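Enquirer: Right, I'll just put the structure down here and ask away after.
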Amino acid sequence: MTTNNIFKVILLFVFCLSLTLILSSQAGRGLGRIHGTVYDELGNPIEGAKVVAKHLESETTFESKSDNKGTWAIGGLGTGYFRITISKEGYETLYHDMNVSQFSSKNPPIDSRMRKVEVSLMNMPAIQDEASIVLFEEGIQLYKQGKYAEAASKFEEFLAKNPTIYQVNINLGSSYREMGDYEKAFAAYNKVLERVKADKGFYKGDEDAAKALASIGEIYIKRGNLEKANEYFKQAIDNFPEDETLALNMGKIFFGQGNTDKAIEYFQLAIKIKEDWAPSYLQLGYACLNKGEYKMAVESLKRFLALAPNDPRASTIRDLIPKLEELIKK
C-alpha cells in the first residue's frame with residue numbers, strides 16, 4: 001500500500017471514529033415529543049408534578065413539570081425506549097415505559113392518576129438521601145401489596161439510616177399491626193408518642209401524635225376491644241381536630257367492623273372539619289345506604305358528584321341515584 005493510500009485510510013478511520021462519538025453524544029436526542037396530564041384519585045389536575053424521561057440506552061434525561069391544569073410536555077427526544085417517571089411529594093411515584101417515535105403524532109398522550117401515600121406522614125421532614133428515598137418508597141409499595149414483613153424490613157432499614165425521622169415508626173407499626181405482631185406495633189407507635197412528648201411536652205396540635213394514637217386504636221379494633229379503640233380515636237381527634245382524613249379513616253374502620261352508626265358519626269365529623277371535601281360525602285352516602293336511610297344517602301352522593309364530577313366512581317353513582325330516588329317514593 002502506498003503512503004498516500006495509508007494516509008487516506010487513516011483519515012477515513014478518524015472520520016468514522018469522530019462520527020461515532022458525535023452520534024453517541026446525541027443518543028436519545030431528536031425531534032420526538034411526548035405529553036400528558038397528571039390527575040389525583042378524584043380526577044383533579046395535579047400541579048408541580050416532576051416528570052423525567054430517561055433514554056434507557058444512553059441514559060440521557062429530559063425533565064418537565066405539570067402546570068395548573070396538570071399538563072406537561074417534553075420535546076427533543078430521540079427514537080427509542082424511554083422510562084417516564086412522575087413524582088410529587090405526598091404521592092406514589094409512577095413509572096411508564098414507552099417506545100418514542102421521531103414523529104410526535106405517533107406518541108400517545110400519557111395520562112396518569114397519582115394516589116396519595118396513605119401510610120406515610122405528610123409532615124415528615126424531607127429526605128435528601130437518594131438511597132433512603134428508595135427504601136421508603138419500596139416499603140410503601142410492599143405495604144400496599146400486603147407484603148407486610150418485607151415492608152417492615154424496609155422501614156427498619158430506613159430508620160437505622162435515618163433515626164431522627166421518627167415518624168416512619170408509624171409506617172413500621174402499621175406493618176407489624178397487619179402482621180398481627182401487636183407488641184412490636186405498640187412499641188413503634190409509642191416511640192412516636194415518646195419523641196413528641198420529649199420535644200414538645202404535650203400531644204396537643206401534633207399530627208404525628210394524633211396518627212400514632214389513632215393507629216393504637218386500630219390495634220384495639222383488631223383485638224375486638226371497641227371501647228378502648230374509641231377511647232384512643234377520641235384522643236387522636238381531640239389532639240388534632242383539624243385533620244379531616246383522620247376522622248374519615250376512623251369512620252372507614254368502624255364501617256368495616258359493621259358499626260355503621262359510629263362510622264356515620266365520624267364521616268359527619270370529617271365533613272364538619274372540611275365541608276368541600278368529596279371523599280367524606282361518598283363514604284357517608286355508602287354508610288347511609290347500608291343503614292337504609294336512602295334520602296340522606298342521595299343527598300350525600302349528590303354532594304359528592306358536585307365536588308368530584310370527574311371521579312372514576314362518578315358514573316356508577318349517577319346510575320345509582322335514580323334507583324334510590326325510586327325507593328324513596330315507595
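Letters A, B, ... mark the chains of the C-alpha cells in the order given; residue numbers begin at 1 per chain; ligand numbers begin at 1, in order shown.
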Mind the document's chain letters and residue numbers, and return as a count of residues only the residues of segment 11-258 of chain A that DSSP labels strand (DSSP E or B).

Expert: 51

Enquirer: What lies within 9 Å of segment 225-239 of chain A using only C-alpha atoms, ignoring chain neighbours under 2 positions off, as a ChimeraX atom specification?

Expert: /A:203-207,209-223,241-243,246-247,250

Enquirer: I need the residues from that last selection saved to file as a PDB file, in the first residue's frame (with N, CA and C atoms), if you can.

Expert:
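Result went into selection-v6.pdb, see below:
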```pdb
ATOM      1  N   TYR A 203     -49.083  16.511  73.495  1.00  0.00           N
ATOM      2  CA  TYR A 203     -49.515  15.996  72.202  1.00  0.00           C
ATOM      3  C   TYR A 203     -50.390  16.985  71.429  1.00  0.00           C
ATOM      4  N   LYS A 204     -50.970  17.931  72.147  1.00  0.00           N
ATOM      5  CA  LYS A 204     -51.960  18.833  71.557  1.00  0.00           C
ATOM      6  C   LYS A 204     -51.431  19.509  70.290  1.00  0.00           C
ATOM      7  N   GLY A 205     -52.198  19.377  69.196  1.00  0.00           N
ATOM      8  CA  GLY A 205     -51.845  20.045  67.953  1.00  0.00           C
ATOM      9  C   GLY A 205     -50.794  19.337  67.139  1.00  0.00           C
ATOM     10  N   ASP A 206     -50.334  18.166  67.606  1.00  0.00           N
ATOM     11  CA  ASP A 206     -49.297  17.449  66.868  1.00  0.00           C
ATOM     12  C   ASP A 206     -49.918  16.333  66.028  1.00  0.00           C
ATOM     13  N   GLU A 207     -49.725  16.414  64.709  1.00  0.00           N
ATOM     14  CA  GLU A 207     -50.324  15.445  63.791  1.00  0.00           C
ATOM     15  C   GLU A 207     -49.723  14.054  63.965  1.00  0.00           C
ATOM     16  N   ALA A 209     -48.516  12.663  66.702  1.00  0.00           N
ATOM     17  CA  ALA A 209     -49.087  12.042  67.898  1.00  0.00           C
ATOM     18  C   ALA A 209     -50.513  11.568  67.625  1.00  0.00           C
ATOM     19  N   ALA A 210     -51.281  12.381  66.902  1.00  0.00           N
ATOM     20  CA  ALA A 210     -52.668  12.002  66.584  1.00  0.00           C
ATOM     21  C   ALA A 210     -52.704  10.727  65.751  1.00  0.00           C
ATOM     22  N   LYS A 211     -51.801  10.618  64.783  1.00  0.00           N
ATOM     23  CA  LYS A 211     -51.768   9.421  63.936  1.00  0.00           C
ATOM     24  C   LYS A 211     -51.348   8.197  64.736  1.00  0.00           C
ATOM     25  N   ALA A 212     -50.395   8.379  65.659  1.00  0.00           N
ATOM     26  CA  ALA A 212     -49.961   7.261  66.495  1.00  0.00           C
ATOM     27  C   ALA A 212     -51.101   6.797  67.412  1.00  0.00           C
ATOM     28  N   LEU A 213     -51.820   7.747  67.998  1.00  0.00           N
ATOM     29  CA  LEU A 213     -52.945   7.401  68.868  1.00  0.00           C
ATOM     30  C   LEU A 213     -54.038   6.669  68.096  1.00  0.00           C
ATOM     31  N   ALA A 214     -54.339   7.156  66.890  1.00  0.00           N
ATOM     32  CA  ALA A 214     -55.361   6.506  66.058  1.00  0.00           C
ATOM     33  C   ALA A 214     -54.913   5.106  65.652  1.00  0.00           C
ATOM     34  N   SER A 215     -53.633   4.953  65.398  1.00  0.00           N
ATOM     35  CA  SER A 215     -53.105   3.649  64.995  1.00  0.00           C
ATOM     36  C   SER A 215     -53.201   2.643  66.139  1.00  0.00           C
ATOM     37  N   ILE A 216     -52.967   3.114  67.361  1.00  0.00           N
ATOM     38  CA  ILE A 216     -53.143   2.240  68.539  1.00  0.00           C
ATOM     39  C   ILE A 216     -54.611   1.846  68.650  1.00  0.00           C
ATOM     40  N   GLY A 217     -55.493   2.815  68.346  1.00  0.00           N
ATOM     41  CA  GLY A 217     -56.924   2.499  68.342  1.00  0.00           C
ATOM     42  C   GLY A 217     -57.255   1.379  67.371  1.00  0.00           C
ATOM     43  N   GLU A 218     -56.580   1.362  66.215  1.00  0.00           N
ATOM     44  CA  GLU A 218     -56.814   0.301  65.224  1.00  0.00           C
ATOM     45  C   GLU A 218     -56.402  -1.065  65.764  1.00  0.00           C
ATOM     46  N   ILE A 219     -55.349  -1.098  66.586  1.00  0.00           N
ATOM     47  CA  ILE A 219     -54.944  -2.373  67.188  1.00  0.00           C
ATOM     48  C   ILE A 219     -56.061  -2.899  68.086  1.00  0.00           C
ATOM     49  N   TYR A 220     -56.659  -1.983  68.872  1.00  0.00           N
ATOM     50  CA  TYR A 220     -57.748  -2.417  69.747  1.00  0.00           C
ATOM     51  C   TYR A 220     -58.977  -2.859  68.954  1.00  0.00           C
ATOM     52  N   ILE A 221     -59.175  -2.251  67.793  1.00  0.00           N
ATOM     53  CA  ILE A 221     -60.252  -2.722  66.907  1.00  0.00           C
ATOM     54  C   ILE A 221     -59.996  -4.176  66.519  1.00  0.00           C
ATOM     55  N   LYS A 222     -58.768  -4.460  66.128  1.00  0.00           N
ATOM     56  CA  LYS A 222     -58.414  -5.817  65.699  1.00  0.00           C
ATOM     57  C   LYS A 222     -58.519  -6.810  66.855  1.00  0.00           C
ATOM     58  N   ARG A 223     -58.307  -6.320  68.059  1.00  0.00           N
ATOM     59  CA  ARG A 223     -58.424  -7.188  69.233  1.00  0.00           C
ATOM     60  C   ARG A 223     -59.866  -7.308  69.717  1.00  0.00           C
ATOM     61  N   PRO A 241     -57.813  18.198  65.965  1.00  0.00           N
ATOM     62  CA  PRO A 241     -59.193  18.240  65.467  1.00  0.00           C
ATOM     63  C   PRO A 241     -59.352  18.756  64.044  1.00  0.00           C
ATOM     64  N   GLU A 242     -58.303  19.311  63.436  1.00  0.00           N
ATOM     65  CA  GLU A 242     -58.441  19.870  62.083  1.00  0.00           C
ATOM     66  C   GLU A 242     -58.108  18.889  60.972  1.00  0.00           C
ATOM     67  N   ASP A 243     -57.880  17.615  61.286  1.00  0.00           N
ATOM     68  CA  ASP A 243     -57.497  16.625  60.273  1.00  0.00           C
ATOM     69  C   ASP A 243     -58.720  15.830  59.816  1.00  0.00           C
ATOM     70  N   LEU A 246     -58.146  11.995  59.193  1.00  0.00           N
ATOM     71  CA  LEU A 246     -58.139  11.183  60.406  1.00  0.00           C
ATOM     72  C   LEU A 246     -59.556  10.744  60.749  1.00  0.00           C
ATOM     73  N   ALA A 247     -60.491  11.690  60.723  1.00  0.00           N
ATOM     74  CA  ALA A 247     -61.892  11.362  61.012  1.00  0.00           C
ATOM     75  C   ALA A 247     -62.458  10.405  59.965  1.00  0.00           C
ATOM     76  N   MET A 250     -61.126   6.864  60.496  1.00  0.00           N
ATOM     77  CA  MET A 250     -61.767   6.240  61.653  1.00  0.00           C
ATOM     78  C   MET A 250     -63.159   5.727  61.279  1.00  0.00           C
TER      79      MET A 250
END
```

Enquirer: One decimal, in Å: what's the spacing between atom CA of Arg115 of chain A and atom CA of Tyr95 of chain A?

Expert: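 Pair atom CA of Arg115 of chain A / atom CA of Tyr95 of chain A returns 12.9 Å.
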
Enquirer: Would you write out, as JSON lines, a table of all residues in segment 127-246 of chain A that have an atom no more than 12 Å from an atom of segment 69-91 of chain A, listing for each the closest atom pair and the distance in Å to one decimal, considering only C-alpha atoms and ordering rows by chain and rising residue number?

Expert:
```
{"residue": "A:Ile127", "atom": "CA", "partner": "A:Glu89", "partner_atom": "CA", "distance": 10.4}
{"residue": "A:Ile133", "atom": "CA", "partner": "A:Glu89", "partner_atom": "CA", "distance": 11.1}
{"residue": "A:Glu137", "atom": "CA", "partner": "A:Tyr91", "partner_atom": "CA", "distance": 10.1}
{"residue": "A:Ile140", "atom": "CA", "partner": "A:Tyr91", "partner_atom": "CA", "distance": 10.7}
{"residue": "A:Gln141", "atom": "CA", "partner": "A:Tyr91", "partner_atom": "CA", "distance": 11.6}
```

Enquirer: Can you write just those residues out, N, CA and C atoms, as an mmCIF file, in the first residue's frame?

Expert:
```
data_model
loop_
_atom_site.group_PDB
_atom_site.id
_atom_site.type_symbol
_atom_site.label_atom_id
_atom_site.label_comp_id
_atom_site.auth_asym_id
_atom_site.auth_seq_id
_atom_site.Cartn_x
_atom_site.Cartn_y
_atom_site.Cartn_z
ATOM 1 N N ILE A 127 -36.537 14.022 52.805
ATOM 2 C CA ILE A 127 -35.446 13.054 52.785
ATOM 3 C C ILE A 127 -34.513 13.427 51.639
ATOM 4 N N ILE A 133 -34.664 7.412 50.135
ATOM 5 C CA ILE A 133 -35.930 7.625 49.420
ATOM 6 C C ILE A 133 -36.394 6.326 48.787
ATOM 7 N N GLU A 137 -39.896 4.352 49.667
ATOM 8 C CA GLU A 137 -40.895 4.085 48.635
ATOM 9 C C GLU A 137 -41.106 2.587 48.436
ATOM 10 N N ILE A 140 -43.368 1.450 51.178
ATOM 11 C CA ILE A 140 -44.755 1.847 50.901
ATOM 12 C C ILE A 140 -45.407 0.885 49.910
ATOM 13 N N GLN A 141 -44.695 0.580 48.826
ATOM 14 C CA GLN A 141 -45.243 -0.305 47.802
ATOM 15 C C GLN A 141 -45.478 -1.710 48.352
#
```

Enquirer: Quick one: DSSP alpha helix (DSSP H) residues in segment 98-187 of chain A, as JSON, numbers by chain?

Expert: {"A": [130, 131, 132, 133, 134, 135, 136, 137, 138, 139, 140, 141, 142, 143, 144, 148, 149, 150, 151, 152, 153, 154, 155, 156, 157, 158, 159, 160, 161, 168, 169, 170, 171, 172, 173, 174, 175, 176, 177, 178, 179, 182, 183, 184, 185, 186, 187]}

Enquirer: Need the shell around Ile321 of chain A: protein/DNA/RNA residues with any atom at most 12 Å away, counting only C-alpha atoms. Skip same-chain ones fewer than 5 positions apart. Format as a PyMOL selection string?

Expert: chain A and resi 285-286+289+294-305+314-316+326-328

Enquirer: Okay, now the selection with C-alpha atoms, as a tab-separated table (two decimals), in the first residue's frame?

Expert:
```
chain	number	residue	atom	x	y	z
A	285	GLY	CA	-73.55	8.06	51.33
A	286	TYR	CA	-72.41	4.43	51.42
A	289	LEU	CA	-77.29	3.36	52.09
A	294	TYR	CA	-81.94	6.48	51.33
A	295	LYS	CA	-82.81	10.16	51.47
A	296	MET	CA	-79.64	11.06	53.37
A	297	ALA	CA	-77.67	8.73	51.09
A	298	VAL	CA	-78.93	10.55	47.97
A	299	GLU	CA	-78.15	13.96	49.46
A	300	SER	CA	-74.60	12.87	50.32
A	301	LEU	CA	-73.94	11.22	46.96
A	302	LYS	CA	-75.23	14.25	45.05
A	303	ARG	CA	-72.91	16.45	47.06
A	304	PHE	CA	-70.06	14.08	46.21
A	305	LEU	CA	-70.84	14.38	42.47
A	314	ALA	CA	-68.95	9.17	39.44
A	315	SER	CA	-70.69	7.31	36.59
A	316	THR	CA	-71.68	4.48	38.95
A	326	GLU	CA	-87.43	5.49	43.27
A	327	LEU	CA	-87.07	3.67	46.58
A	328	ILE	CA	-87.74	6.92	48.46
```

Enquirer: Hey, which of A:Asp199, A:Asp208, A:Glu63, A:Asp311 ends up closest to Arg113 of chain A? Count only C-alpha atoms.

Expert: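 Of the candidates, the smallest distance to Arg113 of chain A is held by A:Asp311.
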
Enquirer: Find, counting only C-alpha atoms, the residue in A:Tyr266, A:Tyr39, A:Phe186, A:Phe155 that gets nearest to Leu172 of chain A.

Expert: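 The closest residue to Leu172 of chain A is A:Phe155.
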
Enquirer: Of the residues A:Asn99, A:Ala187, A:Val52, A:Thr245, which is the one nearest to Lys274 of chain A, using only C-alpha atoms?

Expert: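 Once distances to Lys274 of chain A are computed over only C-alpha atoms, the minimum belongs to A:Thr245.
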
Enquirer: Determine, counting only C-alpha atoms, which protein, DNA and RNA residues have an atom within 12 Å of an atom of Gly146 of chain A; residues of the same chain fewer than 3 positions away are not included. Present the result as a ChimeraX atom specification.

Expert: /A:139-143,149-152,174-179

Enquirer: For the atom pair atom CA of Asn171 of chain A and atom CA of Lys144 of chain A, what is the interatomic distance in Å to one decimal place?

Expert: 11.3 Å
